[in-house]
file upload02.cif (mmCIF, C-alpha atoms and all ligand atoms)
data_query
#
loop_
_atom_site.label_atom_id
_atom_site.label_comp_id
_atom_site.auth_asym_id
_atom_site.auth_seq_id
_atom_site.Cartn_x
_atom_site.Cartn_y
_atom_site.Cartn_z
CA MET A 1 0.00 0.00 0.00
CA SER A 2 1.22 3.50 -0.67
CA ALA A 3 1.47 6.00 2.14
CA SER A 4 -1.14 8.07 0.36
CA THR A 5 -3.99 5.82 1.60
CA LEU A 6 -3.71 7.41 5.02
CA PHE A 7 -4.25 10.76 3.37
CA SER A 8 -6.85 9.79 0.78
CA PRO A 9 -10.35 11.17 1.34
CA LEU A 10 -13.21 8.97 2.53
CA THR A 11 -16.74 9.52 1.22
CA LEU A 12 -19.36 8.56 3.79
CA PRO A 13 -22.75 7.01 2.92
CA ASN A 14 -24.46 10.42 3.18
CA GLY A 15 -21.97 11.97 0.74
CA VAL A 16 -19.90 13.87 3.31
CA VAL A 17 -16.17 13.65 2.57
CA ILE A 18 -13.53 13.29 5.30
CA LYS A 19 -10.23 14.64 4.00
CA ASN A 20 -8.07 11.82 5.36
CA ARG A 21 -8.32 8.58 7.36
CA LEU A 22 -7.22 9.87 10.74
CA CYS A 23 -9.63 10.72 13.52
CA LYS A 24 -8.87 12.37 16.84
CA ALA A 25 -10.84 9.88 18.96
CA ALA A 26 -12.98 11.04 21.88
CA MET A 27 -11.13 12.04 25.03
CA GLU A 28 -13.15 13.40 27.90
CA GLU A 29 -11.39 16.66 28.62
CA ASN A 30 -12.89 17.60 32.01
CA MET A 31 -12.69 21.27 31.03
CA ALA A 32 -16.29 22.44 31.20
CA GLU A 33 -16.78 25.88 32.73
CA TYR A 34 -19.45 26.67 35.33
CA GLY A 35 -22.82 25.41 34.10
CA GLN A 36 -21.04 22.48 32.34
CA LEU A 37 -20.38 24.65 29.28
CA PRO A 38 -17.55 24.73 26.76
CA GLY A 39 -15.14 27.65 27.10
CA GLN A 40 -11.67 28.95 26.26
CA GLN A 41 -9.68 25.86 27.26
CA LEU A 42 -11.72 23.63 24.96
CA TYR A 43 -11.50 26.19 22.15
CA THR A 44 -7.69 26.34 22.40
CA LEU A 45 -7.38 22.55 22.59
CA TYR A 46 -9.58 21.83 19.57
CA GLY A 47 -7.95 24.66 17.61
CA GLN A 48 -4.64 22.83 17.93
CA TRP A 49 -6.10 19.56 16.73
CA SER A 50 -7.93 21.07 13.76
CA GLU A 51 -4.74 22.89 12.74
CA GLY A 52 -2.82 19.62 13.19
CA GLY A 53 -4.31 18.17 10.01
CA VAL A 54 -6.67 15.49 11.32
CA GLY A 55 -9.63 14.58 9.07
CA LEU A 56 -12.22 13.96 11.77
CA MET A 57 -12.42 15.05 15.40
CA LEU A 58 -14.78 13.73 18.01
CA THR A 59 -15.46 15.68 21.17
CA GLY A 60 -15.13 13.86 24.46
CA ASN A 61 -18.38 12.74 26.07
CA VAL A 62 -21.06 15.44 25.85
CA MET A 63 -23.89 14.59 28.15
CA VAL A 64 -27.54 14.39 27.14
CA ALA A 65 -28.80 14.93 30.71
CA ALA A 66 -27.62 17.32 33.43
CA ASN A 67 -28.19 14.74 36.18
CA ALA A 68 -25.98 12.10 34.55
CA LEU A 69 -22.37 13.05 33.79
CA THR A 70 -19.47 10.70 33.10
CA GLY A 71 -17.31 13.10 35.09
CA PRO A 72 -17.65 16.37 36.99
CA GLY A 73 -15.91 18.49 34.32
CA GLY A 74 -18.14 17.18 31.54
CA VAL A 75 -20.04 19.30 29.03
CA VAL A 76 -23.85 19.06 28.95
CA LEU A 77 -26.00 20.01 25.95
CA ASP A 78 -29.70 19.66 26.62
CA ASN A 79 -31.11 23.10 25.81
CA GLU A 80 -30.48 26.19 23.70
CA ASP A 81 -29.68 28.60 26.52
CA HIS A 82 -25.96 28.83 25.76
CA LEU A 83 -25.84 27.57 22.20
CA GLY A 84 -23.45 30.39 21.29
CA ARG A 85 -20.73 28.65 23.33
CA PHE A 86 -21.23 25.50 21.27
CA GLU A 87 -21.33 27.48 18.02
CA LYS A 88 -17.90 28.89 18.81
CA TRP A 89 -16.58 25.41 19.60
CA ALA A 90 -17.98 24.11 16.29
CA GLN A 91 -16.47 27.02 14.34
CA ILE A 92 -13.01 26.34 15.75
CA GLY A 93 -13.31 22.58 15.29
CA THR A 94 -14.46 22.76 11.67
CA ALA A 95 -11.62 25.10 10.61
CA ASN A 96 -9.09 23.66 8.16
CA ASN A 97 -11.81 21.55 6.50
CA THR A 98 -12.01 19.26 9.54
CA GLN A 99 -15.11 17.19 10.21
CA PHE A 100 -16.05 17.88 13.83
CA TRP A 101 -18.60 15.62 15.51
CA MET A 102 -20.00 15.61 19.00
CA GLN A 103 -19.89 12.40 21.01
CA ILE A 104 -23.19 12.13 22.90
CA SER A 105 -23.37 10.02 26.03
CA HIS A 106 -25.13 8.88 29.15
CA PRO A 107 -23.07 7.18 31.89
CA GLY A 108 -25.81 5.02 33.41
CA ARG A 109 -24.28 3.26 36.42
CA GLN A 110 -20.74 4.54 35.69
CA LEU A 111 -21.61 7.63 37.75
CA TYR A 112 -19.31 8.83 40.53
CA ALA A 113 -20.97 8.85 43.95
CA ASN A 114 -19.64 12.34 44.75
CA MET A 115 -21.77 13.80 41.94
CA GLY A 116 -24.69 13.48 44.36
CA GLU A 117 -27.15 12.08 41.80
CA GLN A 118 -29.11 8.83 41.51
CA ALA A 119 -27.39 6.43 39.09
CA LEU A 120 -29.75 4.87 36.55
CA SER A 121 -29.13 1.63 34.70
CA PRO A 122 -31.13 -1.12 32.98
CA SER A 123 -31.06 -3.07 36.29
CA ASP A 124 -29.82 -2.41 39.80
CA VAL A 125 -26.51 -4.21 39.23
CA ALA A 126 -23.66 -2.22 40.79
CA LEU A 127 -20.15 -1.94 39.34
CA GLU A 128 -17.77 -4.59 40.64
CA MET A 129 -14.39 -2.93 41.04
CA GLY A 130 -13.21 -4.26 44.39
CA SER A 131 -12.37 -1.50 46.84
CA PHE A 132 -13.06 1.11 44.11
CA SER A 133 -16.72 0.09 43.79
CA LYS A 134 -17.74 2.56 46.47
CA MET A 135 -16.57 5.45 44.27
CA PHE A 136 -19.71 4.83 42.21
CA ALA A 137 -23.34 5.56 43.02
CA ALA A 138 -25.61 2.54 43.53
CA PRO A 139 -27.83 2.20 40.45
CA ARG A 140 -31.58 1.86 40.29
CA ALA A 141 -33.39 0.25 37.33
CA LEU A 142 -34.86 2.67 34.80
CA THR A 143 -38.62 2.82 34.38
CA GLU A 144 -40.20 2.53 30.93
CA ALA A 145 -40.96 6.27 30.93
CA GLU A 146 -37.35 7.11 31.84
CA ILE A 147 -36.06 4.91 29.03
CA GLN A 148 -38.26 6.74 26.53
CA GLU A 149 -37.15 10.09 27.94
CA ILE A 150 -33.46 9.25 27.53
CA ILE A 151 -34.01 8.12 23.94
CA GLU A 152 -35.60 11.51 23.22
CA ARG A 153 -32.73 13.26 24.96
CA PHE A 154 -30.20 11.72 22.57
CA ALA A 155 -32.30 13.00 19.64
CA LYS A 156 -32.60 16.47 21.18
CA THR A 157 -28.85 16.80 21.84
CA ALA A 158 -28.12 15.67 18.26
CA GLN A 159 -30.50 18.33 16.94
CA LEU A 160 -28.83 20.99 19.06
CA ALA A 161 -25.38 19.86 17.88
CA GLU A 162 -26.50 20.29 14.27
CA LYS A 163 -27.94 23.70 15.04
CA ALA A 164 -24.65 24.75 16.65
CA GLY A 165 -22.70 23.83 13.50
CA PHE A 166 -21.21 20.43 14.29
CA GLY A 167 -20.96 18.08 11.30
CA GLY A 168 -22.32 15.05 13.10
CA VAL A 169 -22.79 13.14 16.31
CA GLN A 170 -21.41 9.89 17.60
CA ILE A 171 -23.70 7.87 19.86
CA HIS A 172 -21.46 6.42 22.59
CA SER A 173 -22.52 2.80 22.92
CA ALA A 174 -19.21 1.44 24.20
CA HIS A 175 -17.02 1.40 27.35
CA GLY A 176 -19.68 0.33 29.81
CA TYR A 177 -21.81 3.49 29.61
CA LEU A 178 -25.60 3.33 29.55
CA ILE A 179 -26.16 1.93 26.03
CA SER A 180 -23.37 -0.57 26.60
CA GLN A 181 -25.06 -1.55 29.91
CA PHE A 182 -28.23 -2.35 27.99
CA LEU A 183 -26.21 -4.51 25.57
CA SER A 184 -24.51 -6.44 28.38
CA PRO A 185 -26.25 -9.59 29.67
CA LEU A 186 -24.31 -9.15 32.93
CA VAL A 187 -25.72 -5.69 33.63
CA ASN A 188 -29.07 -5.88 31.85
CA GLN A 189 -31.27 -8.32 33.73
CA ARG A 190 -34.59 -6.86 32.64
CA GLU A 191 -37.43 -9.14 31.71
CA ASP A 192 -39.34 -6.65 29.55
CA GLN A 193 -38.81 -5.65 25.89
CA TRP A 194 -35.43 -4.05 26.79
CA GLY A 195 -33.81 -7.17 28.30
CA GLY A 196 -33.28 -10.90 27.72
CA GLU A 197 -32.28 -11.93 24.20
CA LEU A 198 -29.82 -9.79 22.26
CA ALA A 199 -32.50 -8.31 20.01
CA ASN A 200 -34.15 -6.91 23.15
CA ARG A 201 -30.91 -5.72 24.74
CA ALA A 202 -30.02 -3.90 21.51
CA ARG A 203 -33.45 -2.25 21.25
CA PHE A 204 -32.31 0.76 23.28
CA LEU A 205 -29.37 1.42 20.91
CA PHE A 206 -31.49 0.87 17.79
CA SER A 207 -34.24 3.15 19.11
CA ILE A 208 -31.71 5.90 19.78
CA VAL A 209 -30.13 5.55 16.34
CA GLU A 210 -33.53 5.71 14.68
CA ARG A 211 -34.69 8.73 16.69
CA VAL A 212 -31.41 10.59 16.18
CA ARG A 213 -31.36 9.90 12.43
CA ALA A 214 -34.94 11.15 12.14
CA ALA A 215 -34.21 14.30 14.16
CA VAL A 216 -31.33 15.61 12.02
CA SER A 217 -30.83 16.35 8.33
CA PRO A 218 -29.42 13.75 5.88
CA GLN A 219 -26.13 15.67 5.48
CA PHE A 220 -25.57 15.56 9.23
CA CYS A 221 -23.42 12.51 10.04
CA VAL A 222 -24.59 9.94 12.58
CA ALA A 223 -22.08 7.47 13.97
CA VAL A 224 -21.93 4.82 16.70
CA LYS A 225 -19.03 3.83 18.94
CA LEU A 226 -19.46 0.16 19.80
CA ASN A 227 -17.50 -2.39 21.78
CA SER A 228 -16.03 -5.19 19.70
CA ALA A 229 -16.61 -7.02 23.01
CA ASP A 230 -16.75 -6.15 26.72
CA PHE A 231 -13.86 -8.56 27.48
CA GLN A 232 -15.71 -9.96 30.47
CA LYS A 233 -16.83 -13.55 30.95
CA GLY A 234 -20.52 -13.73 30.07
CA GLY A 235 -20.57 -10.14 28.80
CA PHE A 236 -21.34 -8.62 25.39
CA SER A 237 -19.33 -10.84 23.04
CA ALA A 238 -17.65 -10.46 19.66
CA GLU A 239 -20.49 -12.51 18.14
CA ASP A 240 -23.05 -10.17 19.73
CA SER A 241 -21.16 -7.20 18.35
CA LYS A 242 -21.20 -8.67 14.84
CA TRP A 243 -24.94 -9.18 14.98
CA VAL A 244 -25.51 -5.62 16.20
CA VAL A 245 -23.44 -4.24 13.31
CA SER A 246 -25.37 -6.41 10.83
CA GLN A 247 -28.59 -4.79 12.08
CA LEU A 248 -27.13 -1.27 12.08
CA ASN A 249 -26.32 -1.69 8.37
CA SER A 250 -29.77 -0.51 7.36
CA MET A 251 -30.23 2.30 9.88
CA GLY A 252 -28.70 5.23 8.01
CA LEU A 253 -25.39 5.43 9.89
CA ASP A 254 -22.29 7.02 8.39
CA LEU A 255 -19.52 5.46 10.51
CA ILE A 256 -19.07 2.77 13.15
CA GLU A 257 -16.12 3.04 15.52
CA LEU A 258 -14.99 -0.17 17.21
CA SER A 259 -13.42 -0.16 20.64
CA GLY A 260 -13.82 -2.45 23.65
CA GLY A 261 -14.01 -2.72 27.43
CA SER A 262 -15.53 -0.81 30.32
CA TYR A 263 -14.51 0.62 33.71
CA GLU A 264 -14.55 -2.95 35.04
CA SER A 265 -12.38 -4.21 32.17
CA PRO A 266 -10.31 -1.39 30.61
CA ALA A 267 -9.63 -3.15 27.30
CA MET A 268 -9.64 0.23 25.52
CA GLN A 269 -6.32 0.83 27.25
CA GLY A 270 -5.08 -2.59 26.11
CA ASN A 271 -5.67 -3.97 29.61
CA PRO A 272 -8.81 -6.15 29.68
CA ALA A 273 -9.93 -8.06 32.79
CA ASP A 274 -9.75 -11.39 30.94
CA SER A 275 -6.29 -10.79 29.34
CA SER A 276 -7.63 -11.81 25.93
CA THR A 277 -6.26 -9.01 23.74
CA GLY A 278 -2.63 -10.05 23.85
CA ARG A 279 -1.67 -7.72 21.04
CA ARG A 280 -0.13 -4.50 22.26
CA GLU A 281 -0.74 -2.36 19.19
CA ALA A 282 -4.00 -1.68 17.34
CA TYR A 283 -5.69 -4.12 19.74
CA PHE A 284 -9.05 -4.43 17.99
CA ILE A 285 -7.83 -4.56 14.39
CA ASP A 286 -8.45 -8.28 13.75
CA PHE A 287 -12.01 -8.01 14.91
CA ALA A 288 -12.52 -4.73 13.02
CA ARG A 289 -11.45 -6.40 9.77
CA GLU A 290 -13.98 -9.18 10.30
CA ILE A 291 -16.66 -6.58 10.89
CA ALA A 292 -15.57 -4.56 7.86
CA ALA A 293 -16.17 -7.72 5.80
CA VAL A 294 -19.87 -7.76 6.74
CA SER A 295 -20.54 -4.05 7.17
CA ASP A 296 -21.94 -1.67 4.55
CA ILE A 297 -21.00 1.21 6.83
CA PRO A 298 -17.41 2.51 6.96
CA ILE A 299 -15.52 1.07 9.93
CA MET A 300 -13.12 2.91 12.19
CA VAL A 301 -10.89 1.12 14.67
CA THR A 302 -9.48 2.80 17.76
CA GLY A 303 -7.01 1.61 20.37
CA GLY A 304 -3.23 1.38 20.49
CA ILE A 305 -2.38 3.20 17.26
CA ARG A 306 0.87 5.06 17.84
CA ARG A 307 3.04 4.11 14.88
CA PHE A 308 2.91 5.13 11.25
CA ASP A 309 3.56 1.56 10.00
CA ILE A 310 0.78 0.13 12.16
CA ALA A 311 -1.58 2.82 10.89
CA GLU A 312 -0.73 1.99 7.30
CA GLN A 313 -1.12 -1.75 7.88
CA ALA A 314 -4.57 -1.29 9.39
CA LEU A 315 -5.61 0.55 6.24
CA SER A 316 -4.53 -2.35 4.01
CA GLU A 317 -6.06 -5.75 3.39
CA GLU A 318 -4.53 -8.57 5.39
CA GLY A 319 -5.05 -12.33 5.44
CA GLY A 320 -7.95 -12.13 2.98
CA LEU A 321 -9.77 -9.66 5.23
CA PRO A 322 -10.54 -6.10 4.16
CA ALA A 323 -8.91 -2.92 5.39
CA VAL A 324 -10.70 -0.70 7.85
CA ASP A 325 -11.71 2.74 6.57
CA MET A 326 -10.67 5.10 9.37
CA LEU A 327 -8.30 5.05 12.34
CA GLY A 328 -9.17 6.57 15.68
CA VAL A 329 -6.21 7.89 17.62
CA ALA A 330 -6.59 9.23 21.15
CA THR A 331 -3.45 9.01 23.32
CA ALA A 332 -0.94 9.79 20.54
CA MET A 333 -2.94 12.90 19.60
CA ALA A 334 -2.68 14.13 23.18
CA TYR A 335 1.11 14.09 22.87
CA HIS A 336 1.29 15.27 19.25
CA PRO A 337 -1.77 17.28 18.20
CA ASP A 338 -0.10 17.75 14.81
CA LEU A 339 0.57 14.02 14.29
CA PRO A 340 -1.38 13.93 10.97
CA ASN A 341 0.68 16.82 9.56
CA LEU A 342 3.90 15.19 10.72
CA TRP A 343 2.98 11.89 9.09
CA ARG A 344 1.79 13.57 5.90
CA ASN A 345 5.03 15.50 5.62
CA GLY A 346 7.05 12.29 5.74
CA ASP A 347 8.03 12.29 9.39
CA ALA A 348 7.17 8.67 10.27
CA LEU A 349 7.22 9.59 13.96
CA ASP A 350 6.46 6.66 16.29
CA VAL A 351 4.83 7.94 19.44
CA GLN A 352 6.50 6.30 22.44
CA ILE A 353 4.56 6.47 25.67
CA PRO A 354 5.90 4.43 28.59
CA PRO A 355 3.00 2.36 30.00
CA ILE A 356 2.14 2.75 33.68
CA GLN A 357 2.71 -0.67 35.20
CA TRP A 358 1.32 -0.28 38.69
CA LYS A 359 0.23 -3.57 40.21
CA ASN A 360 -3.33 -2.50 40.85
CA ARG A 361 -5.17 -2.56 37.50
CA THR A 362 -7.65 0.14 38.46
CA MET A 363 -4.97 2.48 39.82
CA ALA A 364 -2.91 1.91 36.67
CA ALA A 365 -5.93 2.82 34.54
CA LEU A 366 -6.53 5.98 36.60
CA GLY A 367 -2.84 6.88 36.41
CA THR A 368 -2.77 6.40 32.64
CA MET A 369 -5.80 8.64 32.20
CA SER A 370 -4.38 11.30 34.52
CA VAL A 371 -1.06 11.51 32.68
CA ILE A 372 -2.85 11.88 29.34
CA LYS A 373 -5.27 14.43 30.78
CA HIS A 374 -2.27 16.38 31.99
CA GLN A 375 -1.12 16.69 28.37
CA LEU A 376 -4.60 17.82 27.32
CA LYS A 377 -4.50 20.48 30.01
CA GLN A 378 -1.12 21.72 28.81
CA LEU A 379 -2.41 21.98 25.23
CA SER A 380 -5.58 23.73 26.35
CA LEU A 381 -3.48 26.42 28.03
CA GLY A 382 -1.30 26.81 24.94
CA LYS A 383 1.67 25.22 26.75
CA PRO A 384 3.99 22.40 25.60
CA VAL A 385 3.16 18.81 26.58
CA GLN A 386 5.16 17.23 29.43
CA PRO A 387 5.74 13.55 28.58
CA GLY A 388 7.92 13.13 31.68
CA VAL A 389 5.27 14.27 34.16
CA ASN A 390 5.30 12.26 37.39
CA ALA A 391 2.38 9.82 37.18
CA VAL A 392 1.68 9.80 40.93
CA LEU A 393 1.56 13.59 41.09
CA ALA A 394 -0.56 13.81 37.94
CA THR A 395 -3.03 11.31 39.44
CA LEU A 396 -3.20 13.18 42.75
CA ARG A 397 -3.75 16.53 41.02
CA ASP A 398 -6.41 14.97 38.81
CA ARG A 399 -8.27 13.57 41.84
CA ILE A 400 -8.15 16.94 43.63
CA LYS A 401 -9.40 18.74 40.53
CA ALA A 402 -12.21 16.20 40.11
CA SER A 403 -13.29 16.64 43.70
CA ARG A 404 -13.41 20.46 43.30
CA GLN A 405 -15.31 20.13 40.05
CA ALA A 406 -17.79 17.74 41.72
CA SER A 407 -18.59 20.28 44.44
CA ARG A 408 -18.99 23.06 41.83
CA TYR A 409 -21.31 20.73 39.87
CA ARG A 410 -23.42 19.97 42.96
CA LYS A 411 -23.80 23.71 43.63
CA TRP A 412 -24.81 24.32 40.04
CA ARG A 413 -27.40 21.56 40.25
CA GLU A 414 -28.83 23.07 43.45
CA THR A 415 -29.08 26.56 41.97
CA SER A 416 -30.43 25.43 38.59
CA ALA A 417 -33.00 23.03 40.06
C1 LIG B 1 -7.97 10.84 28.77
C2 LIG B 1 -8.89 9.95 27.98
C3 LIG B 1 -10.24 10.25 27.93
C4 LIG B 1 -11.10 9.45 27.17
N1 LIG B 1 -12.41 9.81 27.07
C5 LIG B 1 -13.21 9.14 26.20
C6 LIG B 1 -14.52 9.61 25.93
O1 LIG B 1 -14.97 10.65 26.41
N2 LIG B 1 -15.25 8.87 25.08
C7 LIG B 1 -14.80 7.74 24.46
O2 LIG B 1 -15.50 7.12 23.69
N3 LIG B 1 -13.57 7.29 24.70
C8 LIG B 1 -12.76 7.97 25.53
N4 LIG B 1 -11.48 7.55 25.70
C9 LIG B 1 -11.03 6.35 24.98
C10 LIG B 1 -10.42 6.71 23.63
O3 LIG B 1 -11.35 7.29 22.74
C11 LIG B 1 -9.83 5.48 22.96
O4 LIG B 1 -10.88 4.57 22.68
C12 LIG B 1 -8.76 4.78 23.81
O5 LIG B 1 -7.94 5.73 24.48
C13 LIG B 1 -7.86 3.91 22.96
O6 LIG B 1 -7.21 4.65 21.95
P1 LIG B 1 -5.67 5.13 22.06
O7 LIG B 1 -4.87 3.89 22.29
O8 LIG B 1 -5.38 5.78 20.75
O9 LIG B 1 -5.59 6.05 23.22
C14 LIG B 1 -10.60 8.32 26.48
C15 LIG B 1 -9.24 8.02 26.55
C16 LIG B 1 -8.39 8.82 27.28
C17 LIG B 1 -6.94 8.47 27.29
#
call {"tool": "encode", "arguments": {"input": "upload02.cif", "output": "structure tokens"}}
result
Amino acid sequence: MSASTLFSPLTLPNGVVIKNRLCKAAMEENMAEYGQLPGQQLYTLYGQWSEGGVGLMLTGNVMVAANALTGPGGVVLDNEDHLGRFEKWAQIGTANNTQFWMQISHPGRQLYANMGEQALSPSDVALEMGSFSKMFAAPRALTEAEIQEIIERFAKTAQLAEKAGFGGVQIHSAHGYLISQFLSPLVNQREDQWGGELANRARFLFSIVERVRAAVSPQFCVAVKLNSADFQKGGFSAEDSKWVVSQLNSMGLDLIELSGGSYESPAMQGNPADSSTGRREAYFIDFAREIAAVSDIPIMVTGGIRRFDIAEQALSEEGGLPAVDMLGVATAMAYHPDLPNLWRNGDALDVQIPPIQWKNRTMAALGTMSVIKHQLKQLSLGKPVQPGVNAVLATLRDRIKASRQASRYRKWRETSA
């Protein structure tokens, strides 16, 4: 394959063209200003990425409901009151002919207890994370009316994103958040039309996709981020994932991103609970190729892409299986926001990031996130990244910041109630 494939345009099913095959994958920034709104830090950060030459950018989680945030510094979009803030974000993100899409999410039971809200989930099955479990609010099962309300919320947020000038939305159905909880037989123990066999467990996702597609215009892109598997015994499996994609084929989507894992099993960091993704680079590529073979929708794979050669390989056929269409890159783009420009200009830079190998899996996952978030913070302040930052200090600072943000959030909720 020639290096040009990475920089060849991709035409999506709705006719929208992405200028190259690299996507800045979603990274929750934790930079919302008071009222859970985007502001200067996010504008500076996304300005750097759009100038860096990437074809597609996804925001980090943007929440569809003010009472359910994946983290205390998360952005919420559920009404028009401050749409101007989002318009500015969209303007900056779409500069340089970049496609800029909003990732829309609901955490379900992956809700921190210090947010002070009731966690909602398909069933009242709490997260099992050993001594870390108590960091999360105990979930209660959603009622039928609440399920319908959340479906409508996804559609409303998508509509608002289009109005603000974003080019699309991505429905976050991976990583153990609410839609992923519905898909999981371990978490979803409902006995009504939303639980039981896979067709029922997937009904929530399909209903959201249908409502979102109907609420926006045809030129507005609609994507899904889906787990290739949860990497948990008895969880949402690779076979389940294949079936879900086969059904999504006819639902008017423009892109499917494949990832994997959850808070309980952080496979998206290459560290699943069941140790099944032995491969240390591009962890989900084999599965993504199999899916690409049966999918009419372009496929993007995300996870572990740091090297130019690996990126090129993923975009070529291998072993009789097709190439994937797009590559999602998160961590490497936090260290090099101009990675696409570097690669395009012939600098085959391999991004080297020493893994955090703390014994405790959950602490290691937190530490990894904190070090990367530290780089995002540096970029958002217009400062250089600090690859050598001390991981323990970065984690401590991140925890302190999160606790301050949680108390600001609780105050906001009290005053806006
Ligand atoms: C700091 C950080 C925040 C993240 N936040 C999100 C998020 O908001 N939504 C999401 O779908 N994935 C999120 N992810 C996961 C990434 O999108 C991606 O799936 C994962 O990091 C693997 O890709 P990578 O190896 O290129 O980093 C986050 C990852 C990091 C490191």
call {"tool": "residues_near_ligand", "arguments": {"input": "upload02.cif", "ligand": "ligand LIG 1 (chain B)", "cutoff": "7 Å", "atoms": "only C-alpha atoms and all ligand atoms", "output": "ChimeraX atom specification"}}
result
/A:25-29,60-61,172,174-175,225,259,268-269,302-306,328-332,369-370,372-373
call {"tool": "closest_residue", "arguments": {"input": "upload02.cif", "among": "A:Met129, A:Leu258, A:Leu58, A:Ala292", "to": "Asp230 (chain A)", "atoms": "only C-alpha atoms"}}
result
A:Leu258
call {"tool": "atom_distance", "arguments": {"input": "upload02.cif", "atom1": "CA of Asn390 (chain A)", "atom2": "CA of Asn360 (chain A)"}}
result
17.4 Å
call {"tool": "closest_residue", "arguments": {"input": "upload02.cif", "among": "A:Leu77, A:Ala348, A:Ala238, A:Ala113", "to": "Lys134 (chain A)", "atoms": "all atoms listed in the file"}}
result
A:Ala113
call {"tool": "closest_residue", "arguments": {"input": "upload02.cif", "among": "A:Asn114, A:Thr362, A:Gln313, A:Asn67", "to": "Ala402 (chain A)", "atoms": "all atoms listed in the file"}}
result
A:Asn114
call {"tool": "atom_distance", "arguments": {"input": "upload02.cif", "atom1": "CA of Asp325 (chain A)", "atom2": "CA of Gln232 (chain A)"}}
result
27.4 Å
call {"tool": "closest_residue", "arguments": {"input": "upload02.cif", "among": "A:Glu33, A:Leu10, A:Phe206, A:Phe100", "to": "Met57 (chain A)", "atoms": "all atoms listed in the file"}}
result
A:Phe100
call {"tool": "closest_residue", "arguments": {"input": "upload02.cif", "among": "A:Val224, A:Leu376, A:Val125, A:Leu83", "to": "Pro185 (chain A)", "atoms": "only C-alpha atoms"}}
result
A:Val125
call {"tool": "closest_residue", "arguments": {"input": "upload02.cif", "among": "A:Phe182, A:Phe7, A:Trp243, A:Tyr46", "to": "Arg21 (chain A)", "atoms": "all atoms listed in the file"}}
result
A:Phe7
call {"tool": "atom_distance", "arguments": {"input": "upload02.cif", "atom1": "CA of Ile291 (chain A)", "atom2": "CA of Gly319 (chain A)"}}
result
14.1 Å
call {"tool": "residues_around", "arguments": {"input": "upload02.cif", "residues": "Tyr34 (chain A)", "least_positions_apart": "3", "cutoff": "12 Å", "atoms": "only C-alpha atoms", "output": "ChimeraX atom specification"}}
result
/A:30-31,37-39,72-76,82,404-413,415-416
call {"tool": "residues_around", "arguments": {"input": "upload02.cif", "residues": "Asp296 (chain A)", "least_positions_apart": "2", "cutoff": "12 Å", "atoms": "only C-alpha atoms", "output": "VMD selection string"}}
result
chain A and resid 12 to 13 245 to 256 291 to 294 298 to 299 324 to 325
call {"tool": "residues_around", "arguments": {"input": "upload02.cif", "residues": "Gln110 (chain A)", "least_positions_apart": "5", "cutoff": "9 Å", "atoms": "only C-alpha atoms", "output": "PDB file with C-alpha atoms, keeping the file's coordinate frame"}}
result
ATOM      1  CA  LEU A  69     -22.370  13.050  33.790  1.00  0.00           C
ATOM      2  CA  THR A  70     -19.470  10.700  33.100  1.00  0.00           C
ATOM      3  CA  ALA A 119     -27.390   6.430  39.090  1.00  0.00           C
ATOM      4  CA  SER A 121     -29.130   1.630  34.700  1.00  0.00           C
ATOM      5  CA  ALA A 126     -23.660  -2.220  40.790  1.00  0.00           C
ATOM      6  CA  LEU A 127     -20.150  -1.940  39.340  1.00  0.00           C
ATOM      7  CA  PHE A 136     -19.710   4.830  42.210  1.00  0.00           C
ATOM      8  CA  ALA A 137     -23.340   5.560  43.020  1.00  0.00           C
ATOM      9  CA  PRO A 139     -27.830   2.200  40.450  1.00  0.00           C
ATOM     10  CA  GLY A 176     -19.680   0.330  29.810  1.00  0.00           C
ATOM     11  CA  TYR A 177     -21.810   3.490  29.610  1.00  0.00           C
ATOM     12  CA  LEU A 178     -25.600   3.330  29.550  1.00  0.00           C
ATOM     13  CA  TYR A 263     -14.510   0.620  33.710  1.00  0.00           C
TER      14      TYR A 263
END
call {"tool": "residues_near_point", "arguments": {"input": "upload02.cif", "point": "(-29.2, 17.8, 21.9)", "cutoff": "7 Å", "atoms": "all atoms listed in the file", "output": "list in words"}}
result
Val64, Leu77, Asp78, Asn79, Arg153, Phe154, Ala155, Lys156, Thr157, Ala158, Gln159, Leu160 and Ala161 of chain A
call {"tool": "build_atoms", "arguments": {"input": "upload02.cif", "residues": "region 100-105 of chain A", "atoms": "N, CA and C atoms", "output": "compact mmCIF listing (two decimals), in the frame of the given file"}}
result
# COMPACT_ATOMS: atom_id res chain seq x y z
N PHE A 100 -16.05 17.79 12.37
CA PHE A 100 -16.05 17.88 13.83
C PHE A 100 -17.40 17.39 14.34
N TRP A 101 -17.37 16.26 15.04
CA TRP A 101 -18.60 15.62 15.51
C TRP A 101 -18.63 15.59 17.03
N MET A 102 -19.83 15.63 17.55
CA MET A 102 -20.00 15.61 19.00
C MET A 102 -20.31 14.18 19.46
N GLN A 103 -19.57 13.71 20.45
CA GLN A 103 -19.89 12.40 21.01
C GLN A 103 -20.95 12.59 22.08
N ILE A 104 -22.09 11.92 21.95
CA ILE A 104 -23.19 12.13 22.90
C ILE A 104 -23.37 10.88 23.77
N SER A 105 -23.51 11.13 25.08
CA SER A 105 -23.37 10.02 26.03
C SER A 105 -24.29 10.11 27.24
